[in-house]
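Report on the following structure.
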Amino acid sequence: MNFYRIDWLSVTCASAAAIIGILVLYGGGTYGQSLAVKKMIWFTIGIIIMLVLSQVNYQIIGAYAAIIYGIGIFLLLITLVPFIGTKIKGARSWIRFYDFGFQPTEIMKLAFVIFLSKYLVLKETEIDKLKELIIPFLLTAIPVLLIALQPDLGSAVIFLPLLLILLFIGGANVSVIIGLVLIGFFTLFIPMFLEYHKFIMVDDIVRHLKDIDYKLADAVRVLNFEVWQYIENPLLAKGSKDLSALIQWSAETVSSEENIVLFNNVVEKIKIENPSFLRDFLSNNTTILVIMLILVLIYGVSYFAHFLTRKKWIKKLSTVSLIVFLCLSFPFVFRQVFKFKPHQVVRIVSFANPEKFPKGAGYQLRHSLITIGSGQISGKGLFKGDMTKGDTPYLPEWYNDFIFSVVGEQLGFIGTSLTILFLFTLVLRGVIIAIQSKDDYGAVLAGGLTAIFFFHILVNLGITIGLFPVTGLPLIFVSYGGSNMISSFIALGILLNINMRRHINV
């Protein structure tokens with residue numbers, strides 16, 4: 001075994017980040033100590049797996065890329081089966097065997113990068129053509145849809161930037177990638193924008209209903225944002241057996257035919273009193289469908305005209321019309337197929353102004369900021385933090401999504417800076433490994449694996465300090481969680497092998 005050729009800087013950075021996570025977990029009270037012991041076990045297993053994979057030729061892994069991808073999809077499928085997949089915090093995203101459990105999503109991220117990297121290398125001379133992007137789209141769409149059905153939108157969304165990074169490294173047309181970015185942005189933005197306006201409208205609806213039907217107003221106040229699901233699907237109220245008596249009464253009240261009519265009349269009145277062109281335009285399905293039809297006609301005519309004349313401006317017109325069509329059609333289909341859960345909407349809108357949300361995601365974010373700031377420059381000291389102690393800690397879920405806040409509390413600015421240094425040094429090493437790779441597959445694969453690291457770090461740190469909504473992505477190597485720890489060390493092991501193989505001529 002060529003252990004002397006291992007990139008020990010990458011191993012040191014990953015190990016240091018993991019040890020920081022173990023230390024702050026252990027300082028988080030009795031519960032944190034039990035988690036620290038488990039994390040230490042996963043850390044040891046991860047190191048062993050990493051060292052073994054560092055000796056396995058990544059080309060062999062690439063030869064089985066399709067099988068690895070298929071296994072990942074199979075695991076996602078069986079996760080959705082009720083008696084196999086385990087539902088935790090509303091999402092059926094775990095598979096458990098007795099006391100052992102893992103998240104197939106973490107495996108799927110690696111499988112996706114391994115397979116798509118192989119495909120892009122095989123198609124490297126044609127990938128700049130638009131038609132060759134159909135397969136990468138499908139390879140991305142399948143896991144995204146399966147993960148969204150769990151539902152775990154936070155993990156599903158990360159596949160989109162991974163796709164774009166891999167396409168860029170693989171040599172896809174930059175203008176096409178920009179178009180994909182726009183399509184992805186509007187696919188997420190438009191549905192969330194409309195859900196946000198529905199959310200902030202509830203208080204106005206209650207206020208108007210008090211003067212018309214106090215009973216209905218009270219039911220809407222109790223349900224809050226969840227009232228919309230009963231308005232849009234009244235049958236839900238009849239099938240709800242696990243709700244409290246108050247919620248059940250409220251659901252049945254708003255779901256009656258006459259109250260739905262009254263509710264919708266009030267909504268229309270509020271829209272007139274508070275006009276919003278963008279909200280009304282995007283929520284008008286008839287208008288959107290008409291514009292989509294016009295865009296299809298423009299695309300068809302311009303595409304045929306370009307075929308006859310070969311004029312560049314006509315080709316640009318057809319491309320622009322196609323992109324605009326997709327920017328409207330994708331969110332339109334998304335809104336018809338997927339419905340945001342109330343807690344998902346709250347997570348998105350609360351990060352912009354957490355003070356308006358005294359509970360849930362707003363509560364977590366507000367307390368995260370207080371926790372991370374309480375450590376000041378040097379921190380309170382290892383094992384001396386008090387934001388994580390007790391049965392009801394000041395910072396909920398601190399050991400996973402908000403572990404960075406606890407690093408700030410116990411180790412202060414110095415500790416958080418060191419943690420960031422270790423993690424981004426690891427990312428930088430991944431970029432260098434990709435650049436120095438001896439072949440195209442190694443370069444694309446290393447770039448994709450590094451992108452997994454980068455987006456996990458970027459999004460988690462952004463969540464902690466309020467730049468991004470709470471999405472449930474852990475901080476690699478630092479957060480508690482065996483699935484993410486093992487998958488991260490697997491990715492690192494492959495990166496180490498790509499780096500080692502550049503010294504070999506065969």
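Labeling convention for the structure tokens: chains A, B, ... as they appear, residues from 1 per chain, ligands from 1 in order of appearance.
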Problem - Contacts of range 364-372 of chain A at 6 Å (only C-alpha atoms; same-chain gap of 3+ positions) as a PyMOL selection string - result: chain A and resi 361+395+405+408-409
What does the file look like for those residues with C-alpha atoms, as a PDB file, in the first residue's frame?
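Result saved to result12.pdb:
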```
ATOM      1  CA  ALA A 361     -37.221  27.867  12.200  1.00  0.00           C
ATOM      2  CA  LEU A 395     -30.540  25.903  20.831  1.00  0.00           C
ATOM      3  CA  SER A 405     -22.997  27.757  16.487  1.00  0.00           C
ATOM      4  CA  GLY A 408     -18.627  29.493  18.259  1.00  0.00           C
ATOM      5  CA  GLU A 409     -19.971  29.298  21.804  1.00  0.00           C
TER       6      GLU A 409
END
```
Problem - Asp280 in chain A environment, 12 Å, only C-alpha atoms, sequence neighbours closer than 3 positions dropped, as a PyMOL selection string - result: chain A and resi 190+193-194+197-198+267-268+270-272+274-277+283-288
Prev. selection, N, CA and C atoms, output as an mmCIF file, in the first residue's frame:
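File result28.cif, as written:
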```cif
data_model
loop_
_atom_site.group_PDB
_atom_site.id
_atom_site.type_symbol
_atom_site.label_atom_id
_atom_site.label_comp_id
_atom_site.auth_asym_id
_atom_site.auth_seq_id
_atom_site.Cartn_x
_atom_site.Cartn_y
_atom_site.Cartn_z
ATOM 1 N N ILE A 190 -40.470 30.888 -7.969
ATOM 2 C CA ILE A 190 -41.872 31.227 -8.234
ATOM 3 C C ILE A 190 -42.826 30.503 -7.278
ATOM 4 N N PHE A 193 -42.320 32.020 -3.820
ATOM 5 C CA PHE A 193 -42.816 33.401 -3.791
ATOM 6 C C PHE A 193 -44.327 33.422 -3.589
ATOM 7 N N LEU A 194 -45.031 32.559 -4.312
ATOM 8 C CA LEU A 194 -46.493 32.506 -4.188
ATOM 9 C C LEU A 194 -46.915 31.951 -2.833
ATOM 10 N N HIS A 197 -46.611 34.674 -0.189
ATOM 11 C CA HIS A 197 -47.717 35.632 -0.179
ATOM 12 C C HIS A 197 -48.966 35.022 0.444
ATOM 13 N N LYS A 198 -49.179 33.745 0.248
ATOM 14 C CA LYS A 198 -50.296 33.078 0.921
ATOM 15 C C LYS A 198 -50.087 33.073 2.428
ATOM 16 N N VAL A 267 -60.311 36.477 0.203
ATOM 17 C CA VAL A 267 -58.977 36.499 -0.414
ATOM 18 C C VAL A 267 -58.950 37.450 -1.603
ATOM 19 N N GLU A 268 -59.965 37.382 -2.450
ATOM 20 C CA GLU A 268 -60.031 38.270 -3.607
ATOM 21 C C GLU A 268 -60.140 39.732 -3.178
ATOM 22 N N ILE A 270 -58.929 41.025 -0.415
ATOM 23 C CA ILE A 270 -57.611 41.427 0.098
ATOM 24 C C ILE A 270 -56.653 41.700 -1.052
ATOM 25 N N LYS A 271 -56.712 40.879 -2.101
ATOM 26 C CA LYS A 271 -55.839 41.084 -3.262
ATOM 27 C C LYS A 271 -56.122 42.420 -3.934
ATOM 28 N N ILE A 272 -57.405 42.808 -3.971
ATOM 29 C CA ILE A 272 -57.769 44.105 -4.573
ATOM 30 C C ILE A 272 -57.248 45.248 -3.698
ATOM 31 N N ASN A 274 -54.709 45.099 -1.663
ATOM 32 C CA ASN A 274 -53.244 45.067 -1.641
ATOM 33 C C ASN A 274 -52.729 44.509 -2.967
ATOM 34 N N PRO A 275 -52.769 45.303 -4.019
ATOM 35 C CA PRO A 275 -52.388 44.796 -5.345
ATOM 36 C C PRO A 275 -50.903 44.447 -5.434
ATOM 37 N N SER A 276 -50.608 43.389 -6.169
ATOM 38 C CA SER A 276 -49.231 42.965 -6.443
ATOM 39 C C SER A 276 -49.232 42.362 -7.839
ATOM 40 N N PHE A 277 -48.684 43.086 -8.795
ATOM 41 C CA PHE A 277 -48.709 42.621 -10.179
ATOM 42 C C PHE A 277 -48.037 41.262 -10.320
ATOM 43 N N SER A 283 -49.694 33.797 -10.291
ATOM 44 C CA SER A 283 -50.713 32.884 -9.763
ATOM 45 C C SER A 283 -51.861 32.650 -10.741
ATOM 46 N N ASN A 284 -51.878 33.367 -11.852
ATOM 47 C CA ASN A 284 -52.935 33.212 -12.858
ATOM 48 C C ASN A 284 -52.531 32.116 -13.849
ATOM 49 N N ASN A 285 -53.013 30.918 -13.640
ATOM 50 C CA ASN A 285 -52.624 29.779 -14.471
ATOM 51 C C ASN A 285 -53.017 29.962 -15.934
ATOM 52 N N THR A 286 -54.157 30.590 -16.185
ATOM 53 C CA THR A 286 -54.613 30.786 -17.567
ATOM 54 C C THR A 286 -53.643 31.676 -18.337
ATOM 55 N N THR A 287 -53.234 32.767 -17.702
ATOM 56 C CA THR A 287 -52.291 33.684 -18.343
ATOM 57 C C THR A 287 -50.956 32.997 -18.618
ATOM 58 N N ILE A 288 -50.478 32.247 -17.643
ATOM 59 C CA ILE A 288 -49.200 31.546 -17.790
ATOM 60 C C ILE A 288 -49.273 30.539 -18.931
#
```
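Interatomic distance, CA of Thr471 in chain A against CA of Pro136 in chain A: 24.4 Å.
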Name the residues in contact with Trp398 in chain A at a cut-off of 10 Å, using only C-alpha atoms, excluding same-chain residues fewer than 4 positions from it; report them as a compact mmCIF listing (two decimals) with N, CA and C atoms, in the first residue's frame.
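Once written, out21.txt looks like this:
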```txt
# COMPACT_ATOMS: atom_id res chain seq x y z
N LEU A 25 -19.36 18.32 20.84
CA LEU A 25 -20.45 17.42 21.20
C LEU A 25 -20.31 16.96 22.65
N GLY A 28 -21.46 19.25 25.27
CA GLY A 28 -22.86 19.63 25.19
C GLY A 28 -23.77 18.95 26.19
N GLY A 32 -25.07 15.18 24.76
CA GLY A 32 -23.98 15.43 23.83
C GLY A 32 -22.84 14.45 24.01
N GLN A 364 -35.08 28.87 15.97
CA GLN A 364 -33.76 28.25 15.85
C GLN A 364 -32.72 29.25 15.35
N SER A 368 -29.57 30.57 17.27
CA SER A 368 -28.27 30.23 16.68
C SER A 368 -27.35 31.44 16.68
N THR A 371 -26.23 32.14 20.19
CA THR A 371 -25.28 31.14 20.65
C THR A 371 -23.90 31.37 20.07
N MET A 387 -25.56 26.59 26.25
CA MET A 387 -26.70 26.70 25.33
C MET A 387 -27.23 25.33 24.90
N THR A 388 -26.49 24.27 25.24
CA THR A 388 -26.87 22.92 24.78
C THR A 388 -27.21 22.00 25.93
N PRO A 393 -32.69 22.28 25.50
CA PRO A 393 -31.58 23.21 25.31
C PRO A 393 -32.03 24.52 24.68
N TYR A 394 -31.26 25.55 24.94
CA TYR A 394 -31.55 26.88 24.39
C TYR A 394 -31.55 26.84 22.86
N PHE A 402 -26.87 22.94 13.46
CA PHE A 402 -26.34 24.14 14.11
C PHE A 402 -25.10 23.85 14.96
N ILE A 403 -24.34 22.84 14.58
CA ILE A 403 -23.12 22.51 15.33
C ILE A 403 -22.11 23.65 15.26
N PHE A 404 -22.10 24.41 14.17
CA PHE A 404 -21.14 25.51 14.03
C PHE A 404 -21.40 26.59 15.08
N SER A 405 -22.67 26.79 15.44
CA SER A 405 -23.00 27.76 16.49
C SER A 405 -22.39 27.34 17.82
N VAL A 406 -22.38 26.03 18.09
CA VAL A 406 -21.82 25.52 19.33
C VAL A 406 -20.30 25.65 19.32
N SER A 479 -20.60 17.98 12.01
CA SER A 479 -21.91 17.65 12.57
C SER A 479 -21.98 16.19 13.00
N TYR A 480 -22.88 15.94 13.94
CA TYR A 480 -23.15 14.55 14.31
C TYR A 480 -23.96 13.90 13.20
```
Fill in the blank from the handout: Using only C-alpha atoms, the best pick from A:Gly430, A:Lys109, A:Ile183, A:Val144 as closest to Ala446 in chain A would be A:Gly430
